[in-house]
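Notes follow once the structure below has been shown.
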Amino acid sequence: MLILSALIILPILGVLFLLGLARIQTNLKNNTIKLIGLAVTILNLGLAIFIWQNFDPYNINLQFGERFLWISEYNIFYALGVDGLSITFVLLTAFLLPICILAGWNSINDRVMLYINTFLVLESMLIGVFCAADLLLFYVFFEAVLIPMYIIIGVWGGERRVYASFKFFLYTLFGSVLMLVAVLYLYNQTGTMDIATLVQIMPKQALIVQQLLWLAFFASFAVKVPMWPFHTWLPDAHVQAPTAGSVVLAGVMLKLGGYGFLRLSIPMFPSASLYFAPVVFYLSIIAVVYTSCVALVQEDMKKLIAYSSVAHMGYVTAGLFSFTTQGIEGAVFQMISHGLVSSALFLCVGILYERAHTKEIKFYSGLATSMPIFALAFMVFTLASIGLPGTSGFVGEFMVLSGVFQVNKIFATFLALGLVLGAAYMLWLYKRIMFGEVVNEKIQKFKDINLTEQLTLAPVIAIVIILGVFPNFLTEAISPAVNKVKMQVMLAETKAVQKLNNAYEEINWVENEND
Amino acid sequence: MTEFCLLMPELILIFGALVLLPFGAFFAKNDSSRVLLPSLFVLAISALSICLIDKSKEVSAVTLLNDFLIVNGYIIFAKYIIIISAFLVSIMYLPWARSKEYAMPFEIPILILLSTVGASFLVAANNLLSLYLALELMSLSLYVMVAIQRNNPLSAEAGLKYFILGALSSGLFLFGTSLIYGMVGSINFSVISEYYYSMAITYEAGVMPLAFVLGMLMVLIAFFFKLSAAPFHMWAPDVYQGAPTAVTAYLATVPKLATILLLMRLLFKVFASFSISLQPILYIVCVASLFVGSLGAIMQTNIKRLLAYSSIGHIGFALIGVVSGHMSGVKAVLLYMIIYLIMTLGVFACLLLLNNKSSDYESTYDLAGLSHEHPYLAAAISILMFSMAGIPPLAGFFAKFYVLYAAIQEDLIWLAVFGVIASVIAAFYYINLVKIIYFDEVKKEISFNNCYYLNAMILLASAFNLLFIAFPTKFLLLAEISASWLI
């Protein structure tokens, strides 16, 4: 059964169907196009849920595998497969895409055909990244994502969209081409691009080789995550992108980096990961504390949420490189949770922007009086972003903190500081825009969120709370895969310790001889 | 008789050119499509005749006309590419031939035929004399084609520039040839190669006579001129800009293909014993081309000048494969050139489509907002641009992938890193063009006559770029078979 291929190809078929339809029927209405796009994405979500239903969480191997010879001379395969990690991200992608199309329902009326098509292509590429079991295939999808995203930011973005889209494209391209060289080097050394095989072979390589390759992969993933100081493209891209663009960017594209670390960097180069873990920790702490402080002083709502994204992703990287079960699982959970929460926050900002055409915090005050339902929804996401127990945000952050605490208590303390700062900027934002006197007359005339907007927000609220109350729903699927990664690192660690012991013994032996 | 058979493709082209010349002079003064259509026919027949040679028997390196020319699997492959690309380019001349406003002179198709003969002899040359004759036949036809719009000062300037620099490079080539002849005492490639082999055993690399190195170097420089590889690229932007767009399309494809195919023969067959001592020069040319190609284009607003720099960059990338040498390198270069050919043809087809009316679309900013009115053309141009930038999943990525892999196989990691850095810089101007097409507002009304042939060409090129990912091995296999003749 080629069910994963179907998942990737379905959106492309949607694009072809739309183009064909436009040929036959020249006066296609915008709403028809959007409806077809929505139908395709929902169909894909259904397919993803079907896969999730048939997924066996206790099997640590890749499931629903497909393997076809792709480049026969070079022994490269078109290989797909999902484990507990990838399936959750596939689900996240499939879940967010219909929401993206709904988010542009009212606001996008220029080149709708292109809009829907780029999102469909984007969905296909993103799912491809998470399903790829071959390194080259992974790379192809990983970089192909740039094209639709570039178009999305550039065509429907804000005033400085050109600058933002160029910065986004070139920044991320630069990171990923270094990874390409590393991929080619890996392939030249091992003769295979199969990720599962590479995971077995690469840990045996010399440390220096691992370190260099790790750095090349790091260049790519750190830009995508984004880790401080490689995050500067993110605020620009987020602020300028249209709402749906921000949703995909925050919801899925940032996760590509974390997923890459977990799928490639850590299992393939465990010794190098151990070696560089302190660096990642320091960068994560700076990301959490510094960008939270930066978020405090933002005057633009989207920019504030963008900086908070960097801070939240700081937890992810810290959790990943703690190499504890709680830490890694928490990082994955945090990625999913952040994907939902920050996407929803961007949706909320989009809803306000549609009404007032400004993202300035100063402009808004006392929204709770004129938009009570919206205020409630925003409250849920604010609290989830802070990490209130009962929301998905809490589970992720708590697990990450407990994981890091086992490794280093000081680091954990600094990370916890981020929680306080996070509460500060989010609650302050909430207070400033929702409460207080209604200064602006326009705000009194704002209508509360309509049906489409409710439809976009309601599923996210539901899932955020479900995940907060029943985290097992996700962790059950994640933990076998996470344990596999953890074992890989522990193996490398014990080997290093053994080597050290052997060396000590040798020294002792030599000393004894001398005596 | 075998000689006659093996020379069939070129003989058909020469015969066609000779018949069409008087025919055109008498009957095609006003309507040059009367010459163009037969010339297309001649090219097609010629391509078919290679097919016959290919099928008739396993050709095992046959020398022809007293060692003047040689035919083997690699050369047959090269001739295929050259003649087919000449055919494809000629198709793109149809709208020009039929336009009333600025008629195409009837000589153009004939010059294309002659230049193609030159290119196809060039790859088959087996001694320095035939090499020179073929090179001149190819180039002289090009000089005329570039300067064909006598009333346009830019065109005249381009022709003059191209001719003077071309003559200079020919001079260098002859000087190099005389040095080589002086040392070896023969102009025959097999003799030269054997002599070099014996010399390489006698001398340690690096301490051999200067005349050797100098001779080889000058011959190589002549070819770098033709390839417009930096630092011998100065003519390219002016000539690309000045020449009529259709001529530029020919200039960017056939001569470059022929030259790089020959260059690989020279390096891996004739100078093989000394190619290690030539390596540093190749490194310099390769890296310089990469960076001139990517940095030079950033400030360009003229599309044709931009494409000139882009082609310099592409040649730099192909040279990475040449430098890596060996099987995978040659294979990668062949594949790279095929993909480069198709991308370039697609882009020029788009330009020609836009240039169809009296108003020229020369500045990149004339394309502003193209996607509003012409979404399909805009999509095609963007696909080609992303492909040229080497973004997966398009064909351009795979071209770069194979070349970089060849470099890494030879432990040239630093070169691969230079290559990818240059490609990121180059990505800037490719996506800048996409930005102009998609993000900018419409500045002036864009209108053009739809032309069936050009549309088909654009469709084919963009479909090839999109679908290459599904069949990445088809062309690789072809390249591998022909590369096996060289190594």
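Letters A, B, ... mark the chains of the structure tokens in the order given; residue numbers begin at 1 per chain; ligand numbers begin at 1, in order shown.
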
Give me, as a Markdown table, the closest atom pair and its distance (Å, one decimal) for every residue of chain A within a cut-off of 9 Å of chain B, counting only C-alpha atoms, rows sorted by chain and rising number.
| residue | atom | partner | partner_atom | distance |
| --- | --- | --- | --- | --- |
| A:Trp70 | CA | B:Pro472 | CA | 7.5 |
| A:Ile71 | CA | B:Thr473 | CA | 5.6 |
| A:Ser72 | CA | B:Thr473 | CA | 6.7 |
| A:Glu73 | CA | B:Thr473 | CA | 7.3 |
| A:Arg111 | CA | B:His372 | CA | 7.4 |
| A:Leu114 | CA | B:Pro375 | CA | 8.5 |
| A:Tyr139 | CA | B:Pro392 | CA | 8.4 |
| A:Val140 | CA | B:Pro392 | CA | 5.3 |
| A:Phe141 | CA | B:Pro393 | CA | 7.3 |
| A:Phe142 | CA | B:Pro392 | CA | 8.8 |
| A:Glu143 | CA | B:Pro392 | CA | 6.3 |
| A:Ala144 | CA | B:Pro392 | CA | 5.2 |
| A:Val145 | CA | B:Pro392 | CA | 9.0 |
| A:Leu146 | CA | B:Ile391 | CA | 8.4 |
| A:Ile147 | CA | B:Phe386 | CA | 7.9 |
| A:Tyr150 | CA | B:Ile431 | CA | 9.0 |
| A:Ile151 | CA | B:Tyr438 | CA | 7.7 |
| A:Gly154 | CA | B:Phe439 | CA | 5.8 |
| A:Val155 | CA | B:Phe439 | CA | 5.0 |
| A:Trp156 | CA | B:Phe439 | CA | 8.3 |
| A:Arg161 | CA | B:Phe439 | CA | 8.6 |
| A:Val162 | CA | B:Phe439 | CA | 7.4 |
| A:Phe166 | CA | B:Phe428 | CA | 7.7 |
| A:Phe169 | CA | B:Ile431 | CA | 8.7 |
| A:Leu170 | CA | B:Val424 | CA | 6.8 |
| A:Leu173 | CA | B:Val424 | CA | 6.7 |
| A:Phe174 | CA | B:Val424 | CA | 6.1 |
| A:Val177 | CA | B:Val420 | CA | 6.0 |
| A:Leu178 | CA | B:Val417 | CA | 7.2 |
| A:Leu180 | CA | B:Phe401 | CA | 8.5 |
| A:Val181 | CA | B:Ala416 | CA | 6.8 |
| A:Leu184 | CA | B:Tyr405 | CA | 5.9 |
| A:Tyr185 | CA | B:Ile408 | CA | 6.3 |
| A:Tyr187 | CA | B:Tyr405 | CA | 8.8 |
| A:Asn188 | CA | B:Gln409 | CA | 6.2 |
| A:Gln189 | CA | B:Gln409 | CA | 8.9 |

- [ ] Please provide as an MDAnalysis selection string all residues within 7 Å of stretch 282-291 of chain B, with the sequence filter that same-chain residues fewer than 6 positions apart are discarded (counting only C-alpha atoms).
- [x] chainID B and resid 229:231 312:313 316:317 319:320 323 419 422

Residues within 12 Å of B:Ala252, only C-alpha atoms, excluding chain neighbours under 6 positions, as a PDB file with N, CA, C and O atoms, in the first residue's frame:
ATOM      1  N   SER B  85      20.512  20.283 -30.487  1.00  0.00           N
ATOM      2  CA  SER B  85      20.305  21.609 -29.904  1.00  0.00           C
ATOM      3  C   SER B  85      20.267  22.675 -30.996  1.00  0.00           C
ATOM      4  O   SER B  85      19.500  23.632 -30.891  1.00  0.00           O
ATOM      5  N   ALA B  86      21.053  22.492 -32.063  1.00  0.00           N
ATOM      6  CA  ALA B  86      20.967  23.445 -33.173  1.00  0.00           C
ATOM      7  C   ALA B  86      19.573  23.407 -33.779  1.00  0.00           C
ATOM      8  O   ALA B  86      18.991  24.440 -34.125  1.00  0.00           O
ATOM      9  N   VAL B  89      17.197  25.193 -31.384  1.00  0.00           N
ATOM     10  CA  VAL B  89      17.375  26.644 -31.446  1.00  0.00           C
ATOM     11  C   VAL B  89      16.764  27.179 -32.733  1.00  0.00           C
ATOM     12  O   VAL B  89      16.095  28.213 -32.746  1.00  0.00           O
ATOM     13  N   LEU B 142      29.575  32.635 -36.396  1.00  0.00           N
ATOM     14  CA  LEU B 142      28.992  33.318 -35.236  1.00  0.00           C
ATOM     15  C   LEU B 142      29.223  34.816 -35.294  1.00  0.00           C
ATOM     16  O   LEU B 142      28.324  35.602 -34.990  1.00  0.00           O
ATOM     17  N   VAL B 146      26.223  37.503 -35.055  1.00  0.00           N
ATOM     18  CA  VAL B 146      26.105  38.488 -33.978  1.00  0.00           C
ATOM     19  C   VAL B 146      25.922  39.886 -34.554  1.00  0.00           C
ATOM     20  O   VAL B 146      25.136  40.689 -34.065  1.00  0.00           O
ATOM     21  N   LYS B 226      36.170  30.770 -25.684  1.00  0.00           N
ATOM     22  CA  LYS B 226      34.932  30.347 -26.339  1.00  0.00           C
ATOM     23  C   LYS B 226      33.865  29.972 -25.312  1.00  0.00           C
ATOM     24  O   LYS B 226      32.674  30.144 -25.542  1.00  0.00           O
ATOM     25  N   LEU B 227      34.333  29.442 -24.169  1.00  0.00           N
ATOM     26  CA  LEU B 227      33.387  29.053 -23.126  1.00  0.00           C
ATOM     27  C   LEU B 227      32.919  30.250 -22.320  1.00  0.00           C
ATOM     28  O   LEU B 227      32.015  30.129 -21.510  1.00  0.00           O
ATOM     29  N   SER B 228      33.588  31.376 -22.500  1.00  0.00           N
ATOM     30  CA  SER B 228      33.391  32.567 -21.672  1.00  0.00           C
ATOM     31  C   SER B 228      33.583  32.243 -20.201  1.00  0.00           C
ATOM     32  O   SER B 228      32.815  32.659 -19.344  1.00  0.00           O
ATOM     33  N   ALA B 236      31.462  38.378 -23.073  1.00  0.00           N
ATOM     34  CA  ALA B 236      30.153  37.713 -23.044  1.00  0.00           C
ATOM     35  C   ALA B 236      28.969  38.652 -22.801  1.00  0.00           C
ATOM     36  O   ALA B 236      28.021  38.646 -23.589  1.00  0.00           O
ATOM     37  N   PRO B 237      28.998  39.494 -21.741  1.00  0.00           N
ATOM     38  CA  PRO B 237      27.813  40.328 -21.507  1.00  0.00           C
ATOM     39  C   PRO B 237      27.482  41.232 -22.686  1.00  0.00           C
ATOM     40  O   PRO B 237      26.322  41.326 -23.103  1.00  0.00           O
ATOM     41  N   VAL B 239      28.309  40.892 -25.861  1.00  0.00           N
ATOM     42  CA  VAL B 239      27.877  40.163 -27.052  1.00  0.00           C
ATOM     43  C   VAL B 239      26.473  39.606 -26.858  1.00  0.00           C
ATOM     44  O   VAL B 239      25.631  39.680 -27.747  1.00  0.00           O
ATOM     45  N   TYR B 240      26.215  39.096 -25.677  1.00  0.00           N
ATOM     46  CA  TYR B 240      24.872  38.582 -25.401  1.00  0.00           C
ATOM     47  C   TYR B 240      23.844  39.679 -25.582  1.00  0.00           C
ATOM     48  O   TYR B 240      22.776  39.474 -26.128  1.00  0.00           O
ATOM     49  N   GLN B 241      24.205  40.886 -25.087  1.00  0.00           N
ATOM     50  CA  GLN B 241      23.246  41.984 -25.148  1.00  0.00           C
ATOM     51  C   GLN B 241      23.066  42.483 -26.575  1.00  0.00           C
ATOM     52  O   GLN B 241      21.948  42.724 -27.020  1.00  0.00           O
ATOM     53  N   ALA B 243      23.758  41.079 -29.570  1.00  0.00           N
ATOM     54  CA  ALA B 243      23.268  40.173 -30.605  1.00  0.00           C
ATOM     55  C   ALA B 243      21.750  40.108 -30.559  1.00  0.00           C
ATOM     56  O   ALA B 243      21.158  40.284 -29.495  1.00  0.00           O
ATOM     57  N   THR B 245      18.246  38.523 -30.041  1.00  0.00           N
ATOM     58  CA  THR B 245      17.986  37.540 -28.981  1.00  0.00           C
ATOM     59  C   THR B 245      18.079  36.100 -29.486  1.00  0.00           C
ATOM     60  O   THR B 245      18.625  35.232 -28.819  1.00  0.00           O
ATOM     61  N   ALA B 246      17.560  35.877 -30.682  1.00  0.00           N
ATOM     62  CA  ALA B 246      17.595  34.511 -31.204  1.00  0.00           C
ATOM     63  C   ALA B 246      19.029  34.048 -31.408  1.00  0.00           C
ATOM     64  O   ALA B 246      19.373  32.894 -31.134  1.00  0.00           O
ATOM     65  N   ALA B 258      29.804  22.425 -27.655  1.00  0.00           N
ATOM     66  CA  ALA B 258      30.883  21.834 -28.451  1.00  0.00           C
ATOM     67  C   ALA B 258      32.210  22.049 -27.759  1.00  0.00           C
ATOM     68  O   ALA B 258      33.042  21.131 -27.664  1.00  0.00           O
ATOM     69  N   THR B 259      32.423  23.277 -27.247  1.00  0.00           N
ATOM     70  CA  THR B 259      33.730  23.584 -26.669  1.00  0.00           C
ATOM     71  C   THR B 259      33.992  22.759 -25.417  1.00  0.00           C
ATOM     72  O   THR B 259      35.092  22.234 -25.238  1.00  0.00           O
ATOM     73  N   LYS B 304      19.498  39.955 -20.887  1.00  0.00           N
ATOM     74  CA  LYS B 304      20.483  39.197 -21.656  1.00  0.00           C
ATOM     75  C   LYS B 304      21.859  39.258 -21.010  1.00  0.00           C
ATOM     76  O   LYS B 304      22.599  38.289 -21.009  1.00  0.00           O
ATOM     77  N   ARG B 305      22.192  40.421 -20.462  1.00  0.00           N
ATOM     78  CA  ARG B 305      23.482  40.515 -19.750  1.00  0.00           C
ATOM     79  C   ARG B 305      23.457  39.592 -18.544  1.00  0.00           C
ATOM     80  O   ARG B 305      24.437  38.910 -18.223  1.00  0.00           O
ATOM     81  N   LEU B 307      21.778  36.885 -18.241  1.00  0.00           N
ATOM     82  CA  LEU B 307      21.933  35.500 -18.678  1.00  0.00           C
ATOM     83  C   LEU B 307      23.375  35.193 -19.051  1.00  0.00           C
ATOM     84  O   LEU B 307      23.834  34.065 -18.891  1.00  0.00           O
ATOM     85  N   ALA B 308      24.080  36.237 -19.556  1.00  0.00           N
ATOM     86  CA  ALA B 308      25.496  36.022 -19.874  1.00  0.00           C
ATOM     87  C   ALA B 308      26.254  35.652 -18.614  1.00  0.00           C
ATOM     88  O   ALA B 308      27.009  34.676 -18.584  1.00  0.00           O
ATOM     89  N   TYR B 309      26.039  36.418 -17.543  1.00  0.00           N
ATOM     90  CA  TYR B 309      26.738  36.096 -16.292  1.00  0.00           C
ATOM     91  C   TYR B 309      26.280  34.754 -15.757  1.00  0.00           C
ATOM     92  O   TYR B 309      27.069  33.980 -15.228  1.00  0.00           O
ATOM     93  N   SER B 310      24.981  34.502 -15.889  1.00  0.00           N
ATOM     94  CA  SER B 310      24.484  33.222 -15.403  1.00  0.00           C
ATOM     95  C   SER B 310      25.172  32.072 -16.136  1.00  0.00           C
ATOM     96  O   SER B 310      25.533  31.063 -15.529  1.00  0.00           O
ATOM     97  N   SER B 311      25.398  32.263 -17.441  1.00  0.00           N
ATOM     98  CA  SER B 311      26.049  31.168 -18.169  1.00  0.00           C
ATOM     99  C   SER B 311      27.507  31.039 -17.758  1.00  0.00           C
ATOM    100  O   SER B 311      28.042  29.923 -17.724  1.00  0.00           O
ATOM    101  N   ILE B 312      28.140  32.169 -17.393  1.00  0.00           N
ATOM    102  CA  ILE B 312      29.513  32.068 -16.885  1.00  0.00           C
ATOM    103  C   ILE B 312      29.525  31.219 -15.615  1.00  0.00           C
ATOM    104  O   ILE B 312      30.350  30.324 -15.431  1.00  0.00           O
ATOM    105  N   HIS B 314      27.360  28.959 -14.766  1.00  0.00           N
ATOM    106  CA  HIS B 314      27.077  27.558 -15.086  1.00  0.00           C
ATOM    107  C   HIS B 314      28.318  26.856 -15.628  1.00  0.00           C
ATOM    108  O   HIS B 314      28.576  25.698 -15.309  1.00  0.00           O
ATOM    109  N   ILE B 315      29.069  27.595 -16.456  1.00  0.00           N
ATOM    110  CA  ILE B 315      30.302  27.003 -16.984  1.00  0.00           C
ATOM    111  C   ILE B 315      31.250  26.707 -15.825  1.00  0.00           C
ATOM    112  O   ILE B 315      31.908  25.658 -15.780  1.00  0.00           O
ATOM    113  N   MET B 337      25.499  19.687 -18.803  1.00  0.00           N
ATOM    114  CA  MET B 337      25.355  20.453 -20.040  1.00  0.00           C
ATOM    115  C   MET B 337      23.999  20.196 -20.690  1.00  0.00           C
ATOM    116  O   MET B 337      23.411  21.097 -21.275  1.00  0.00           O
ATOM    117  N   TYR B 340      21.622  22.228 -18.635  1.00  0.00           N
ATOM    118  CA  TYR B 340      21.880  23.642 -18.927  1.00  0.00           C
ATOM    119  C   TYR B 340      21.269  24.020 -20.270  1.00  0.00           C
ATOM    120  O   TYR B 340      20.635  25.069 -20.414  1.00  0.00           O
ATOM    121  N   LEU B 341      21.467  23.137 -21.246  1.00  0.00           N
ATOM    122  CA  LEU B 341      20.934  23.383 -22.580  1.00  0.00           C
ATOM    123  C   LEU B 341      19.426  23.577 -22.523  1.00  0.00           C
ATOM    124  O   LEU B 341      18.880  24.543 -23.084  1.00  0.00           O
ATOM    125  N   ILE B 342      18.745  22.684 -21.818  1.00  0.00           N
ATOM    126  CA  ILE B 342      17.287  22.748 -21.819  1.00  0.00           C
ATOM    127  C   ILE B 342      16.789  23.966 -21.048  1.00  0.00           C
ATOM    128  O   ILE B 342      15.862  24.658 -21.481  1.00  0.00           O
ATOM    129  N   MET B 343      17.451  24.264 -19.930  1.00  0.00           N
ATOM    130  CA  MET B 343      17.050  25.458 -19.181  1.00  0.00           C
ATOM    131  C   MET B 343      17.245  26.707 -20.028  1.00  0.00           C
ATOM    132  O   MET B 343      16.376  27.584 -20.097  1.00  0.00           O
ATOM    133  N   THR B 344      18.412  26.794 -20.701  1.00  0.00           N
ATOM    134  CA  THR B 344      18.714  27.989 -21.483  1.00  0.00           C
ATOM    135  C   THR B 344      17.731  28.128 -22.636  1.00  0.00           C
ATOM    136  O   THR B 344      17.230  29.226 -22.910  1.00  0.00           O
ATOM    137  N   LEU B 345      17.448  27.011 -23.296  1.00  0.00           N
ATOM    138  CA  LEU B 345      16.493  27.080 -24.398  1.00  0.00           C
ATOM    139  C   LEU B 345      15.146  27.586 -23.900  1.00  0.00           C
ATOM    140  O   LEU B 345      14.509  28.427 -24.546  1.00  0.00           O
ATOM    141  N   GLY B 346      14.738  27.078 -22.735  1.00  0.00           N
ATOM    142  CA  GLY B 346      13.454  27.501 -22.183  1.00  0.00           C
ATOM    143  C   GLY B 346      13.436  28.989 -21.903  1.00  0.00           C
ATOM    144  O   GLY B 346      12.495  29.701 -22.274  1.00  0.00           O
ATOM    145  N   VAL B 347      14.491  29.481 -21.272  1.00  0.00           N
ATOM    146  CA  VAL B 347      14.531  30.905 -20.929  1.00  0.00           C
ATOM    147  C   VAL B 347      14.520  31.763 -22.182  1.00  0.00           C
ATOM    148  O   VAL B 347      13.785  32.754 -22.273  1.00  0.00           O
ATOM    149  N   PHE B 348      15.320  31.364 -23.186  1.00  0.00           N
ATOM    150  CA  PHE B 348      15.350  32.175 -24.406  1.00  0.00           C
ATOM    151  C   PHE B 348      14.033  32.096 -25.159  1.00  0.00           C
ATOM    152  O   PHE B 348      13.618  33.066 -25.801  1.00  0.00           O
TER     153      PHE B 348
END

Task: DSSP-assigned alpha helix (DSSP H) members of stretch 181-324 of chain A, reported as a PyMOL selection string - done: chain A and resi 181-190+195-201+207-224+233-240+243-248+254-260+266-268+270-296+301-320

- [ ] Within 8 Å of stretch 86-98 of chain A, counting only C-alpha atoms, which residues show up once you throw out same-chain ones fewer than 6 positions away? Write them as an MDAnalysis selection string, please.
- [x] chainID A and resid 38 41:42 44:45 48:49 52 119 123 126:127 130:131 247:248 251:252 336 339:340 474 478

Open item on the list: I'd like the contact shell of B:Ser190 - 12 Å cut-off, only C-alpha atoms, skipping same-chain residues fewer than 2 positions apart - returned as a ChimeraX atom specification.
Closed with: /B:61,63,67-70,125-128,184,186-188,192-197,265-266,269-272

Please save N, CA, C and O atoms of the selected residues as a short mmCIF file (atom, residue, chain, number, x, y, z; two decimals), in the first residue's frame.
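Full text of again_12.cif as output:
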data_model
loop_
_atom_site.label_atom_id
_atom_site.label_comp_id
_atom_site.auth_asym_id
_atom_site.auth_seq_id
_atom_site.Cartn_x
_atom_site.Cartn_y
_atom_site.Cartn_z
N ALA B 61 36.21 3.60 -32.17
CA ALA B 61 37.16 4.66 -32.55
C ALA B 61 37.74 4.52 -33.95
O ALA B 61 38.78 3.90 -34.15
N THR B 63 39.32 6.40 -37.24
CA THR B 63 39.85 7.69 -37.70
C THR B 63 39.51 7.87 -39.17
O THR B 63 39.48 6.91 -39.94
N ASP B 67 43.56 10.52 -40.53
CA ASP B 67 43.70 10.95 -39.13
C ASP B 67 43.23 12.37 -38.87
O ASP B 67 43.61 12.99 -37.90
N PHE B 68 42.47 12.90 -39.77
CA PHE B 68 41.99 14.26 -39.60
C PHE B 68 40.90 14.31 -38.53
O PHE B 68 40.87 15.21 -37.72
N LEU B 69 40.02 13.33 -38.58
CA LEU B 69 38.89 13.29 -37.66
C LEU B 69 38.83 11.92 -37.02
O LEU B 69 39.45 10.98 -37.49
N ILE B 70 38.07 11.85 -35.94
CA ILE B 70 37.92 10.56 -35.26
C ILE B 70 36.46 10.42 -34.87
O ILE B 70 35.76 11.40 -34.63
N ALA B 125 37.56 16.48 -34.01
CA ALA B 125 38.91 16.75 -34.53
C ALA B 125 39.93 15.81 -33.93
O ALA B 125 39.87 15.49 -32.74
N ASN B 126 40.84 15.36 -34.77
CA ASN B 126 41.86 14.45 -34.27
C ASN B 126 43.27 15.00 -34.47
O ASN B 126 44.25 14.32 -34.18
N ASN B 127 43.39 16.19 -35.01
CA ASN B 127 44.71 16.83 -34.95
C ASN B 127 44.54 18.34 -34.83
O ASN B 127 43.42 18.86 -34.95
N LEU B 128 45.63 19.01 -34.57
CA LEU B 128 45.53 20.43 -34.22
C LEU B 128 45.02 21.26 -35.39
O LEU B 128 44.35 22.27 -35.21
N VAL B 184 56.86 18.41 -30.21
CA VAL B 184 56.48 17.03 -30.53
C VAL B 184 56.87 16.65 -31.94
O VAL B 184 57.29 15.52 -32.20
N SER B 186 54.69 16.77 -34.37
CA SER B 186 53.51 16.25 -35.06
C SER B 186 52.29 17.01 -34.56
O SER B 186 52.31 17.56 -33.46
N ILE B 187 51.26 17.05 -35.40
CA ILE B 187 50.04 17.70 -34.94
C ILE B 187 48.98 16.68 -34.62
O ILE B 187 47.87 17.02 -34.23
N ASN B 188 49.30 15.44 -34.78
CA ASN B 188 48.30 14.39 -34.56
C ASN B 188 48.10 14.14 -33.07
O ASN B 188 49.06 14.03 -32.31
N ILE B 192 50.81 13.15 -30.22
CA ILE B 192 51.07 14.10 -29.13
C ILE B 192 50.86 13.42 -27.79
O ILE B 192 51.69 13.52 -26.87
N SER B 193 49.76 12.69 -27.70
CA SER B 193 49.43 12.08 -26.42
C SER B 193 50.49 11.04 -26.03
O SER B 193 50.90 10.96 -24.87
N GLU B 194 50.95 10.25 -27.04
CA GLU B 194 52.00 9.26 -26.73
C GLU B 194 53.28 9.94 -26.31
O GLU B 194 53.95 9.54 -25.36
N TYR B 195 53.63 11.00 -27.03
CA TYR B 195 54.86 11.73 -26.73
C TYR B 195 54.79 12.30 -25.31
O TYR B 195 55.74 12.19 -24.53
N TYR B 196 53.63 12.88 -25.00
CA TYR B 196 53.46 13.44 -23.67
C TYR B 196 53.59 12.37 -22.60
O TYR B 196 54.14 12.60 -21.53
N TYR B 197 53.08 11.21 -22.94
CA TYR B 197 53.14 10.12 -21.98
C TYR B 197 54.59 9.74 -21.69
O TYR B 197 55.00 9.63 -20.53
N ARG B 265 37.75 16.15 -24.00
CA ARG B 265 38.56 15.22 -24.79
C ARG B 265 40.03 15.59 -24.70
O ARG B 265 40.90 14.74 -24.52
N LEU B 266 40.30 16.89 -24.85
CA LEU B 266 41.69 17.35 -24.80
C LEU B 266 42.31 16.97 -23.46
O LEU B 266 43.42 16.43 -23.40
N LYS B 269 42.19 12.91 -22.88
CA LYS B 269 42.81 12.03 -23.86
C LYS B 269 44.19 12.55 -24.26
O LYS B 269 45.19 11.87 -24.10
N VAL B 270 44.18 13.79 -24.77
CA VAL B 270 45.40 14.26 -25.41
C VAL B 270 46.44 14.70 -24.38
O VAL B 270 47.57 14.25 -24.39
N PHE B 271 46.01 15.56 -23.46
CA PHE B 271 46.95 16.06 -22.46
C PHE B 271 46.89 15.24 -21.19
O PHE B 271 47.37 15.68 -20.14
N ALA B 272 46.29 14.06 -21.28
CA ALA B 272 45.99 13.30 -20.06
C ALA B 272 47.18 13.17 -19.13
O ALA B 272 47.07 13.33 -17.91
#

Open item on the list: I want to know what sits within 9 Å of A:Leu427, based on only C-alpha atoms, with residues of the same chain fewer than 4 positions away left out; could you give that as a list in words?
Closed with: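 Here the answer would be Thr382, Leu383, Ile386, Gly422, Ala423, Lys431 and Arg432 of chain A.
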
Store the residues picked out above in a file with N, CA and C atoms, as a short mmCIF file (atom, residue, chain, number, x, y, z; two decimals), in the first residue's frame.
data_model
loop_
_atom_site.label_atom_id
_atom_site.label_comp_id
_atom_site.auth_asym_id
_atom_site.auth_seq_id
_atom_site.Cartn_x
_atom_site.Cartn_y
_atom_site.Cartn_z
N THR A 382 -3.15 32.33 25.05
CA THR A 382 -2.16 33.03 25.88
C THR A 382 -1.71 32.12 27.01
N LEU A 383 -2.69 31.50 27.68
CA LEU A 383 -2.34 30.64 28.80
C LEU A 383 -1.56 29.42 28.34
N ILE A 386 1.94 30.41 27.81
CA ILE A 386 2.66 30.56 29.08
C ILE A 386 3.00 29.20 29.66
N GLY A 422 8.07 34.62 29.92
CA GLY A 422 7.01 34.30 28.97
C GLY A 422 5.65 34.74 29.51
N ALA A 423 5.42 34.43 30.79
CA ALA A 423 4.16 34.86 31.40
C ALA A 423 4.06 36.37 31.36
N LYS A 431 -3.28 41.99 28.58
CA LYS A 431 -3.84 43.11 29.35
C LYS A 431 -3.96 44.35 28.45
N ARG A 432 -2.92 44.60 27.67
CA ARG A 432 -2.93 45.84 26.90
C ARG A 432 -3.99 45.84 25.81
#
